[in-house]
>>> print(open('entry_1.pdb').read())   # PDB, C-alpha atoms and all ligand atoms
ATOM      1  CA  MET E   1      43.055  26.924  18.426  1.00  0.00           C
ATOM      2  CA  PHE E   2      43.488  24.534  15.517  1.00  0.00           C
ATOM      3  CA  ASN E   3      42.117  25.855  12.232  1.00  0.00           C
ATOM      4  CA  ILE E   4      41.769  23.659   9.179  1.00  0.00           C
ATOM      5  CA  VAL E   5      40.897  24.359   5.568  1.00  0.00           C
ATOM      6  CA  ILE E   6      39.322  21.360   3.844  1.00  0.00           C
ATOM      7  CA  PHE E   7      39.752  21.560   0.172  1.00  0.00           C
ATOM      8  CA  GLY E   8      38.953  19.544  -2.936  1.00  0.00           C
ATOM      9  CA  LYS E   9      36.907  19.421  -6.110  1.00  0.00           C
ATOM     10  CA  PRO E  10      33.104  19.358  -5.963  1.00  0.00           C
ATOM     11  CA  GLY E  11      31.964  15.953  -4.715  1.00  0.00           C
ATOM     12  CA  SER E  12      35.290  15.067  -3.121  1.00  0.00           C
ATOM     13  CA  GLY E  13      33.608  14.595   0.266  1.00  0.00           C
ATOM     14  CA  LYS E  14      34.652  17.862   1.940  1.00  0.00           C
ATOM     15  CA  GLY E  15      31.315  18.410   3.658  1.00  0.00           C
ATOM     16  CA  THR E  16      30.947  14.817   4.844  1.00  0.00           C
ATOM     17  CA  GLN E  17      34.460  14.656   6.224  1.00  0.00           C
ATOM     18  CA  ALA E  18      34.315  18.166   7.700  1.00  0.00           C
ATOM     19  CA  ASN E  19      31.416  16.929   9.833  1.00  0.00           C
ATOM     20  CA  PHE E  20      33.525  14.082  11.248  1.00  0.00           C
ATOM     21  CA  LEU E  21      36.487  16.366  11.891  1.00  0.00           C
ATOM     22  CA  LYS E  22      34.207  18.918  13.529  1.00  0.00           C
ATOM     23  CA  GLU E  23      32.875  16.309  15.978  1.00  0.00           C
ATOM     24  CA  LYS E  24      36.215  14.733  16.767  1.00  0.00           C
ATOM     25  CA  TYR E  25      38.144  17.959  17.331  1.00  0.00           C
ATOM     26  CA  SER E  26      35.280  20.207  18.535  1.00  0.00           C
ATOM     27  CA  LEU E  27      35.704  22.590  15.643  1.00  0.00           C
ATOM     28  CA  TYR E  28      33.216  25.109  14.326  1.00  0.00           C
ATOM     29  CA  HIS E  29      32.304  24.106  10.762  1.00  0.00           C
ATOM     30  CA  ILE E  30      31.856  26.866   8.203  1.00  0.00           C
ATOM     31  CA  SER E  31      30.719  25.735   4.751  1.00  0.00           C
ATOM     32  CA  THR E  32      30.360  28.668   2.383  1.00  0.00           C
ATOM     33  CA  GLY E  33      28.244  26.508   0.032  1.00  0.00           C
ATOM     34  CA  ASP E  34      25.830  25.703   2.907  1.00  0.00           C
ATOM     35  CA  LEU E  35      25.718  29.364   3.934  1.00  0.00           C
ATOM     36  CA  PHE E  36      24.838  30.404   0.396  1.00  0.00           C
ATOM     37  CA  ARG E  37      22.162  27.709   0.113  1.00  0.00           C
ATOM     38  CA  LYS E  38      20.657  28.758   3.465  1.00  0.00           C
ATOM     39  CA  ASN E  39      20.532  32.390   2.334  1.00  0.00           C
ATOM     40  CA  ILE E  40      18.981  31.382  -0.987  1.00  0.00           C
ATOM     41  CA  SER E  41      16.220  29.360   0.671  1.00  0.00           C
ATOM     42  CA  ASN E  42      15.543  32.193   3.140  1.00  0.00           C
ATOM     43  CA  GLU E  43      15.497  34.643   0.188  1.00  0.00           C
ATOM     44  CA  THR E  44      17.847  37.062   1.951  1.00  0.00           C
ATOM     45  CA  LYS E  45      19.558  39.894   0.072  1.00  0.00           C
ATOM     46  CA  LEU E  46      22.767  37.846   0.067  1.00  0.00           C
ATOM     47  CA  GLY E  47      20.867  34.811  -1.233  1.00  0.00           C
ATOM     48  CA  ILE E  48      19.374  36.824  -4.078  1.00  0.00           C
ATOM     49  CA  GLN E  49      22.865  38.090  -4.997  1.00  0.00           C
ATOM     50  CA  ALA E  50      24.361  34.586  -4.922  1.00  0.00           C
ATOM     51  CA  LYS E  51      21.618  32.532  -6.573  1.00  0.00           C
ATOM     52  CA  SER E  52      22.498  33.021 -10.243  1.00  0.00           C
ATOM     53  CA  TYR E  53      26.124  32.016  -9.601  1.00  0.00           C
ATOM     54  CA  LEU E  54      25.214  28.816  -7.764  1.00  0.00           C
ATOM     55  CA  ASP E  55      22.636  27.961 -10.427  1.00  0.00           C
ATOM     56  CA  LYS E  56      25.327  28.051 -13.114  1.00  0.00           C
ATOM     57  CA  GLY E  57      28.092  26.480 -11.047  1.00  0.00           C
ATOM     58  CA  ASP E  58      30.127  29.714 -11.135  1.00  0.00           C
ATOM     59  CA  LEU E  59      31.987  31.032  -8.119  1.00  0.00           C
ATOM     60  CA  VAL E  60      30.223  33.851  -6.271  1.00  0.00           C
ATOM     61  CA  PRO E  61      32.274  37.091  -6.458  1.00  0.00           C
ATOM     62  CA  ASP E  62      35.034  37.372  -3.861  1.00  0.00           C
ATOM     63  CA  SER E  63      33.726  40.544  -2.211  1.00  0.00           C
ATOM     64  CA  VAL E  64      30.390  38.882  -1.353  1.00  0.00           C
ATOM     65  CA  THR E  65      31.941  35.590  -0.249  1.00  0.00           C
ATOM     66  CA  ILE E  66      34.711  37.103   1.882  1.00  0.00           C
ATOM     67  CA  LYS E  67      32.305  39.356   3.763  1.00  0.00           C
ATOM     68  CA  MET E  68      29.941  36.465   4.463  1.00  0.00           C
ATOM     69  CA  LEU E  69      32.816  34.321   5.769  1.00  0.00           C
ATOM     70  CA  GLU E  70      34.175  37.066   8.012  1.00  0.00           C
ATOM     71  CA  ASN E  71      30.731  37.709   9.490  1.00  0.00           C
ATOM     72  CA  GLU E  72      30.315  34.015  10.243  1.00  0.00           C
ATOM     73  CA  VAL E  73      33.674  33.864  12.057  1.00  0.00           C
ATOM     74  CA  LEU E  74      33.002  37.059  14.006  1.00  0.00           C
ATOM     75  CA  SER E  75      29.582  35.797  15.094  1.00  0.00           C
ATOM     76  CA  ASN E  76      31.108  32.552  16.430  1.00  0.00           C
ATOM     77  CA  LYS E  77      34.274  33.463  18.282  1.00  0.00           C
ATOM     78  CA  LYS E  78      34.133  31.311  21.402  1.00  0.00           C
ATOM     79  CA  VAL E  79      35.178  28.098  19.682  1.00  0.00           C
ATOM     80  CA  LYS E  80      38.152  25.715  19.822  1.00  0.00           C
ATOM     81  CA  GLY E  81      38.934  26.177  16.167  1.00  0.00           C
ATOM     82  CA  TYR E  82      37.369  26.411  12.749  1.00  0.00           C
ATOM     83  CA  ILE E  83      37.064  24.063   9.845  1.00  0.00           C
ATOM     84  CA  PHE E  84      36.673  26.047   6.658  1.00  0.00           C
ATOM     85  CA  ASP E  85      34.882  23.933   4.048  1.00  0.00           C
ATOM     86  CA  GLY E  86      34.848  25.312   0.511  1.00  0.00           C
ATOM     87  CA  PHE E  87      36.666  28.504   1.446  1.00  0.00           C
ATOM     88  CA  PRO E  88      39.057  29.866   0.259  1.00  0.00           C
ATOM     89  CA  ARG E  89      38.474  29.060  -3.416  1.00  0.00           C
ATOM     90  CA  THR E  90      40.511  31.875  -5.004  1.00  0.00           C
ATOM     91  CA  LEU E  91      43.860  33.490  -4.318  1.00  0.00           C
ATOM     92  CA  ALA E  92      42.127  36.722  -3.268  1.00  0.00           C
ATOM     93  CA  GLN E  93      40.046  34.749  -0.750  1.00  0.00           C
ATOM     94  CA  ALA E  94      43.136  32.979   0.618  1.00  0.00           C
ATOM     95  CA  GLU E  95      45.027  36.247   1.017  1.00  0.00           C
ATOM     96  CA  SER E  96      42.137  38.015   2.649  1.00  0.00           C
ATOM     97  CA  LEU E  97      41.592  35.052   4.995  1.00  0.00           C
ATOM     98  CA  GLU E  98      45.192  35.373   6.202  1.00  0.00           C
ATOM     99  CA  THR E  99      44.878  39.094   6.787  1.00  0.00           C
ATOM    100  CA  PHE E 100      41.530  38.710   8.488  1.00  0.00           C
ATOM    101  CA  LEU E 101      42.632  35.838  10.754  1.00  0.00           C
ATOM    102  CA  SER E 102      45.812  37.625  11.766  1.00  0.00           C
ATOM    103  CA  SER E 103      43.742  40.705  12.676  1.00  0.00           C
ATOM    104  CA  ILE E 104      42.006  38.509  15.284  1.00  0.00           C
ATOM    105  CA  LYS E 105      45.267  36.738  16.223  1.00  0.00           C
ATOM    106  CA  LEU E 106      44.480  33.480  14.440  1.00  0.00           C
ATOM    107  CA  LYS E 107      45.999  31.521  11.589  1.00  0.00           C
ATOM    108  CA  ILE E 108      45.388  28.506   9.404  1.00  0.00           C
ATOM    109  CA  ASN E 109      47.230  25.500  10.827  1.00  0.00           C
ATOM    110  CA  ALA E 110      46.610  23.027   8.014  1.00  0.00           C
ATOM    111  CA  THR E 111      45.043  22.744   4.600  1.00  0.00           C
ATOM    112  CA  ILE E 112      43.849  19.275   3.682  1.00  0.00           C
ATOM    113  CA  ALA E 113      42.839  18.366   0.141  1.00  0.00           C
ATOM    114  CA  LEU E 114      40.814  15.277  -0.731  1.00  0.00           C
ATOM    115  CA  ASP E 115      42.101  13.779  -3.929  1.00  0.00           C
ATOM    116  CA  VAL E 116      39.552  12.080  -6.215  1.00  0.00           C
ATOM    117  CA  ASP E 117      39.614  11.880 -10.017  1.00  0.00           C
ATOM    118  CA  GLU E 118      36.985  13.722 -12.060  1.00  0.00           C
ATOM    119  CA  ASN E 119      35.290  10.618 -13.524  1.00  0.00           C
ATOM    120  CA  GLU E 120      34.599   9.274 -10.054  1.00  0.00           C
ATOM    121  CA  LEU E 121      33.392  12.724  -8.947  1.00  0.00           C
ATOM    122  CA  ILE E 122      30.899  12.952 -11.820  1.00  0.00           C
ATOM    123  CA  THR E 123      29.356   9.631 -10.739  1.00  0.00           C
ATOM    124  CA  ARG E 124      29.181  10.792  -7.114  1.00  0.00           C
ATOM    125  CA  LEU E 125      27.661  14.177  -7.970  1.00  0.00           C
ATOM    126  CA  ILE E 126      25.011  12.776 -10.309  1.00  0.00           C
ATOM    127  CA  ASP E 127      24.083  10.265  -7.571  1.00  0.00           C
ATOM    128  CA  ARG E 128      23.885  13.037  -4.975  1.00  0.00           C
ATOM    129  CA  GLY E 129      21.710  15.081  -7.341  1.00  0.00           C
ATOM    130  CA  LYS E 130      19.121  12.293  -7.310  1.00  0.00           C
ATOM    131  CA  THR E 131      18.609  12.495  -3.561  1.00  0.00           C
ATOM    132  CA  THR E 132      18.988  16.237  -2.903  1.00  0.00           C
ATOM    133  CA  ASN E 133      17.415  19.198  -4.623  1.00  0.00           C
ATOM    134  CA  ARG E 134      20.814  20.598  -5.645  1.00  0.00           C
ATOM    135  CA  THR E 135      20.291  21.610  -9.261  1.00  0.00           C
ATOM    136  CA  ASP E 136      24.049  22.141  -9.657  1.00  0.00           C
ATOM    137  CA  ASP E 137      24.481  18.364  -9.150  1.00  0.00           C
ATOM    138  CA  GLN E 138      21.862  17.382 -11.720  1.00  0.00           C
ATOM    139  CA  ASP E 139      23.425  18.708 -14.891  1.00  0.00           C
ATOM    140  CA  LEU E 140      26.689  17.510 -16.414  1.00  0.00           C
ATOM    141  CA  GLU E 141      27.486  20.929 -17.928  1.00  0.00           C
ATOM    142  CA  LYS E 142      27.161  22.610 -14.517  1.00  0.00           C
ATOM    143  CA  ILE E 143      29.324  19.936 -12.932  1.00  0.00           C
ATOM    144  CA  LYS E 144      31.991  20.452 -15.611  1.00  0.00           C
ATOM    145  CA  ASN E 145      31.803  24.209 -15.090  1.00  0.00           C
ATOM    146  CA  ARG E 146      32.429  23.706 -11.372  1.00  0.00           C
ATOM    147  CA  PHE E 147      35.500  21.591 -12.204  1.00  0.00           C
ATOM    148  CA  ASN E 148      36.687  24.375 -14.534  1.00  0.00           C
ATOM    149  CA  GLU E 149      36.235  26.958 -11.807  1.00  0.00           C
ATOM    150  CA  TYR E 150      38.268  24.727  -9.496  1.00  0.00           C
ATOM    151  CA  ASN E 151      41.010  24.077 -12.041  1.00  0.00           C
ATOM    152  CA  ASN E 152      41.272  27.741 -13.091  1.00  0.00           C
ATOM    153  CA  LYS E 153      40.823  29.564  -9.795  1.00  0.00           C
ATOM    154  CA  THR E 154      41.185  27.197  -6.836  1.00  0.00           C
ATOM    155  CA  SER E 155      43.968  24.750  -7.708  1.00  0.00           C
ATOM    156  CA  ILE E 156      46.606  27.517  -7.452  1.00  0.00           C
ATOM    157  CA  LEU E 157      45.977  27.515  -3.715  1.00  0.00           C
ATOM    158  CA  ILE E 158      47.844  24.197  -3.520  1.00  0.00           C
ATOM    159  CA  ASN E 159      51.027  26.115  -4.229  1.00  0.00           C
ATOM    160  CA  PHE E 160      50.007  28.982  -1.916  1.00  0.00           C
ATOM    161  CA  TYR E 161      49.658  26.660   1.092  1.00  0.00           C
ATOM    162  CA  ASP E 162      52.434  24.288   0.057  1.00  0.00           C
ATOM    163  CA  LYS E 163      54.951  27.165   0.149  1.00  0.00           C
ATOM    164  CA  GLN E 164      53.904  27.711   3.762  1.00  0.00           C
ATOM    165  CA  GLY E 165      54.353  23.996   4.547  1.00  0.00           C
ATOM    166  CA  LYS E 166      50.638  23.704   5.295  1.00  0.00           C
ATOM    167  CA  PHE E 167      49.351  21.630   2.387  1.00  0.00           C
ATOM    168  CA  HIS E 168      48.413  17.970   2.852  1.00  0.00           C
ATOM    169  CA  LEU E 169      46.950  15.732   0.169  1.00  0.00           C
ATOM    170  CA  VAL E 170      44.779  12.845   1.328  1.00  0.00           C
ATOM    171  CA  ASP E 171      43.488  10.032  -0.866  1.00  0.00           C
ATOM    172  CA  GLY E 172      39.736  10.695  -1.126  1.00  0.00           C
ATOM    173  CA  LYS E 173      38.861   7.332  -2.701  1.00  0.00           C
ATOM    174  CA  GLY E 174      37.471   4.338  -0.831  1.00  0.00           C
ATOM    175  CA  SER E 175      34.883   4.052   1.921  1.00  0.00           C
ATOM    176  CA  VAL E 176      33.812   7.075   3.949  1.00  0.00           C
ATOM    177  CA  ASP E 177      35.223   5.381   7.079  1.00  0.00           C
ATOM    178  CA  ASP E 178      38.599   4.747   5.455  1.00  0.00           C
ATOM    179  CA  ILE E 179      38.885   8.379   4.396  1.00  0.00           C
ATOM    180  CA  THR E 180      37.884   9.593   7.859  1.00  0.00           C
ATOM    181  CA  LEU E 181      40.595   7.411   9.370  1.00  0.00           C
ATOM    182  CA  ARG E 182      43.203   8.852   6.994  1.00  0.00           C
ATOM    183  CA  LEU E 183      42.141  12.356   7.989  1.00  0.00           C
ATOM    184  CA  PHE E 184      42.190  11.631  11.726  1.00  0.00           C
ATOM    185  CA  ASN E 185      45.657  10.082  11.416  1.00  0.00           C
ATOM    186  CA  LEU E 186      46.896  13.138   9.575  1.00  0.00           C
ATOM    187  CA  VAL E 187      45.395  15.600  12.051  1.00  0.00           C
ATOM    188  CA  GLU E 188      46.836  13.612  14.990  1.00  0.00           C
ATOM    189  CA  SER E 189      50.269  14.023  13.439  1.00  0.00           C
ATOM    190  CA  LEU E 190      49.779  17.784  13.167  1.00  0.00           C
ATOM    191  CA  ILE E 191      48.300  18.846  16.507  1.00  0.00           C
TER
HETATM  192  P1  LIG K 201      29.856  23.748  -2.468  1.00  0.00           P
HETATM  193  O1  LIG K 201      28.683  23.426  -1.602  1.00  0.00           O
HETATM  194  O2  LIG K 201      31.100  23.988  -1.677  1.00  0.00           O
HETATM  195  O3  LIG K 201      30.049  22.768  -3.596  1.00  0.00           O
HETATM  196  O4  LIG K 201      29.527  25.167  -3.170  1.00  0.00           O
HETATM  197  C1  LIG K 201      28.382  25.315  -3.983  1.00  0.00           C
HETATM  198  C2  LIG K 201      28.464  26.625  -4.742  1.00  0.00           C
HETATM  199  O5  LIG K 201      28.505  27.725  -3.819  1.00  0.00           O
HETATM  200  C3  LIG K 201      29.703  26.814  -5.612  1.00  0.00           C
HETATM  201  O6  LIG K 201      29.552  26.189  -6.879  1.00  0.00           O
HETATM  202  C4  LIG K 201      29.742  28.342  -5.727  1.00  0.00           C
HETATM  203  O7  LIG K 201      28.736  28.813  -6.602  1.00  0.00           O
HETATM  204  C5  LIG K 201      29.338  28.759  -4.315  1.00  0.00           C
HETATM  205  N1  LIG K 201      30.509  28.877  -3.414  1.00  0.00           N
HETATM  206  C6  LIG K 201      30.770  28.122  -2.312  1.00  0.00           C
HETATM  207  N2  LIG K 201      31.916  28.511  -1.730  1.00  0.00           N
HETATM  208  C7  LIG K 201      32.409  29.528  -2.482  1.00  0.00           C
HETATM  209  C8  LIG K 201      33.576  30.321  -2.415  1.00  0.00           C
HETATM  210  N3  LIG K 201      34.494  30.149  -1.447  1.00  0.00           N
HETATM  211  N4  LIG K 201      33.736  31.287  -3.360  1.00  0.00           N
HETATM  212  C9  LIG K 201      32.840  31.482  -4.326  1.00  0.00           C
HETATM  213  N5  LIG K 201      31.721  30.739  -4.477  1.00  0.00           N
HETATM  214  C10 LIG K 201      31.499  29.765  -3.561  1.00  0.00           C
END
>>> encode(input="entry_1.pdb", output="C-alpha cells", more="lines below")
Ligand code: AMP
Amino acid sequence: MFNIVIFGKPGSGKGTQANFLKEKYSLYHISTGDLFRKNISNETKLGIQAKSYLDKGDLVPDSVTIKMLENEVLSNKKVKGYIFDGFPRTLAQAESLETFLSSIKLKINATIALDVDENELITRLIDRGKTTNRTDDQDLEKIKNRFNEYNNKTSILINFYDKQGKFHLVDGKGSVDDITLRLFNLVESLI
C-alpha cells in the first residue's frame, strides 16, 4: 500500500493532480471537498450540516470531517492505496488520521504540497468560478477566508509531516503536464 496526502492552498491543483496520481498508481482518491459537495447536492444530513461552512469558506468542524473520512476509507478497503486530497487540514485531523490508519495497519507514506503563490491562486480560483457553480470560488472575500483558514489551521501540518521525514514540496506553477511530471518523478523516487 502506498498512501499519499496531497496538500496545498485552495486552487493549487490538488484535485487535478490527484486524478493523475490516482490513475498512474491505481490509488483510491478521497477528496473531502468533493464528498461534502456531493452530500450537499444530495441534501443528506451531513450535507445540511456542512453547507454553511462551505458557503463561507470556513473549515467544517473536525468531528464531522473525520467521521466522513473514516467511513469513506472503511467502505473502500480493497485498494492499492489512498490519495487523500484536502484532508487532513488541521492538526486534530492529522493526528486522528494517524491513529485511525494504524488501527487498520496502514500509514501515510508521503505528503506532497503544491506550492503556488496567493496572487496566482486568486486568478485561478476566479477563473474556475466562472465555469463551475462553486460559489466559494466566485467571491474574493470567501477566497481570502479560505487562505486564512489554510494559513491559520493547515500550514502547521508542514512541520508535523516534515518532522516525520514525509513532507515534500513541489513547485505548483507552470503547465498541468509539467506539474504532473514533477509529481510522478517524486513519487517514483519514494516507492
Ligand atoms: P476543497 O474542495 O478541498 O477546496 O474544499 C472545499 C471546502 O470543503 C472547504 O473550504 C471546507 O469548507 C470544506 N472542507 C474540505 N475538506 C475539509 C477538511 N479536511 N476539513 C474541514 N473542511 C473541509
>>> resolve_selection(input="entry_1.pdb", expression="the PyMOL selection byres (((chain E and resi 152) around 12) and not hetatm)", output="count of residues only")
18
>>> resolve_selection(input="entry_1.pdb", expression="the PyMOL selection byres (((chain E and resi 136-140) around 8) and not hetatm)", output="list in words")
Leu54, Asp55, Lys56, Gly57, Ile122, Leu125, Ile126, Arg128, Gly129, Lys130, Arg134, Thr135, Glu141, Lys142, Ile143 and Lys144 of chain E
>>> closest_residue(input="entry_1.pdb", among="E:Tyr161, E:Tyr53, E:Phe84, E:Phe2", to="ligand LIG 201 (chain K)", atoms="only C-alpha atoms and all ligand atoms")
E:Tyr53
>>> residues_around(input="entry_1.pdb", residues="E:Gly174", least_positions_apart="5", cutoff="12 Å", atoms="all atoms listed in the file", output="PDB file with C-alpha atoms, keeping the file's coordinate frame")
ATOM      1  CA  SER E  12      35.290  15.067  -3.121  1.00  0.00           C
ATOM      2  CA  GLY E  13      33.608  14.595   0.266  1.00  0.00           C
ATOM      3  CA  LEU E 114      40.814  15.277  -0.731  1.00  0.00           C
ATOM      4  CA  ASP E 115      42.101  13.779  -3.929  1.00  0.00           C
ATOM      5  CA  VAL E 116      39.552  12.080  -6.215  1.00  0.00           C
ATOM      6  CA  GLU E 120      34.599   9.274 -10.054  1.00  0.00           C
ATOM      7  CA  ILE E 179      38.885   8.379   4.396  1.00  0.00           C
ATOM      8  CA  THR E 180      37.884   9.593   7.859  1.00  0.00           C
ATOM      9  CA  LEU E 181      40.595   7.411   9.370  1.00  0.00           C
ATOM     10  CA  ARG E 182      43.203   8.852   6.994  1.00  0.00           C
TER      11      ARG E 182
END
>>> atom_distance(input="entry_1.pdb", atom1="atom C2 of ligand LIG 201 (chain K)", atom2="atom CA of E:Leu190")
29.2 Å
>>> closest_residue(input="entry_1.pdb", among="E:Val170, E:Leu35, E:Ala113, E:Leu27", to="ligand LIG 201 (chain K)", atoms="only C-alpha atoms and all ligand atoms")
E:Leu35
>>> closest_residue(input="entry_1.pdb", among="E:Lys173, E:His29, E:Lys105, E:Lys51", to="ligand LIG 201 (chain K)", atoms="only C-alpha atoms and all ligand atoms")
E:Lys51
>>> resolve_selection(input="entry_1.pdb", expression="the PyMOL selection byres (((chain E and resi 66) around 10) and not hetatm)", output="list in words")
Thr32, Val60, Pro61, Asp62, Ser63, Val64, Thr65, Lys67, Met68, Leu69, Glu70, Asn71, Glu72, Phe87, Pro88, Ala92, Gln93, Ala94, Ser96, Leu97 and Phe100 of chain E
>>> closest_residue(input="entry_1.pdb", among="E:Asn109, E:Gln49, E:Thr123, E:Asn19", to="E:Lys166", atoms="only C-alpha atoms")
E:Asn109
>>> atom_distance(input="entry_1.pdb", atom1="atom CA of E:Thr131", atom2="atom CA of E:Thr44")
25.2 Å
>>> closest_residue(input="entry_1.pdb", among="E:Leu169, E:Ile6, E:Val79, E:Leu21", to="ligand LIG 201 (chain K)", atoms="only C-alpha atoms and all ligand atoms")
E:Ile6
>>> axis_aligned_box(input="entry_1.pdb", around="ligand LIG 201 (chain K)", padding_each_side="5 Å", output="AutoDock Vina command-line options")
--center_x 31.4 --center_y 27.1 --center_z -4.2 --size_x 16.1 --size_y 18.7 --size_z 15.4
>>> atom_distance(input="entry_1.pdb", atom1="atom O5 of ligand LIG 201 (chain K)", atom2="atom CA of E:Arg124")
17.3 Å
>>> closest_residue(input="entry_1.pdb", among="E:Lys77, E:Lys38, E:Lys22, E:His168", to="ligand LIG 201 (chain K)", atoms="only C-alpha atoms and all ligand atoms")
E:Lys38
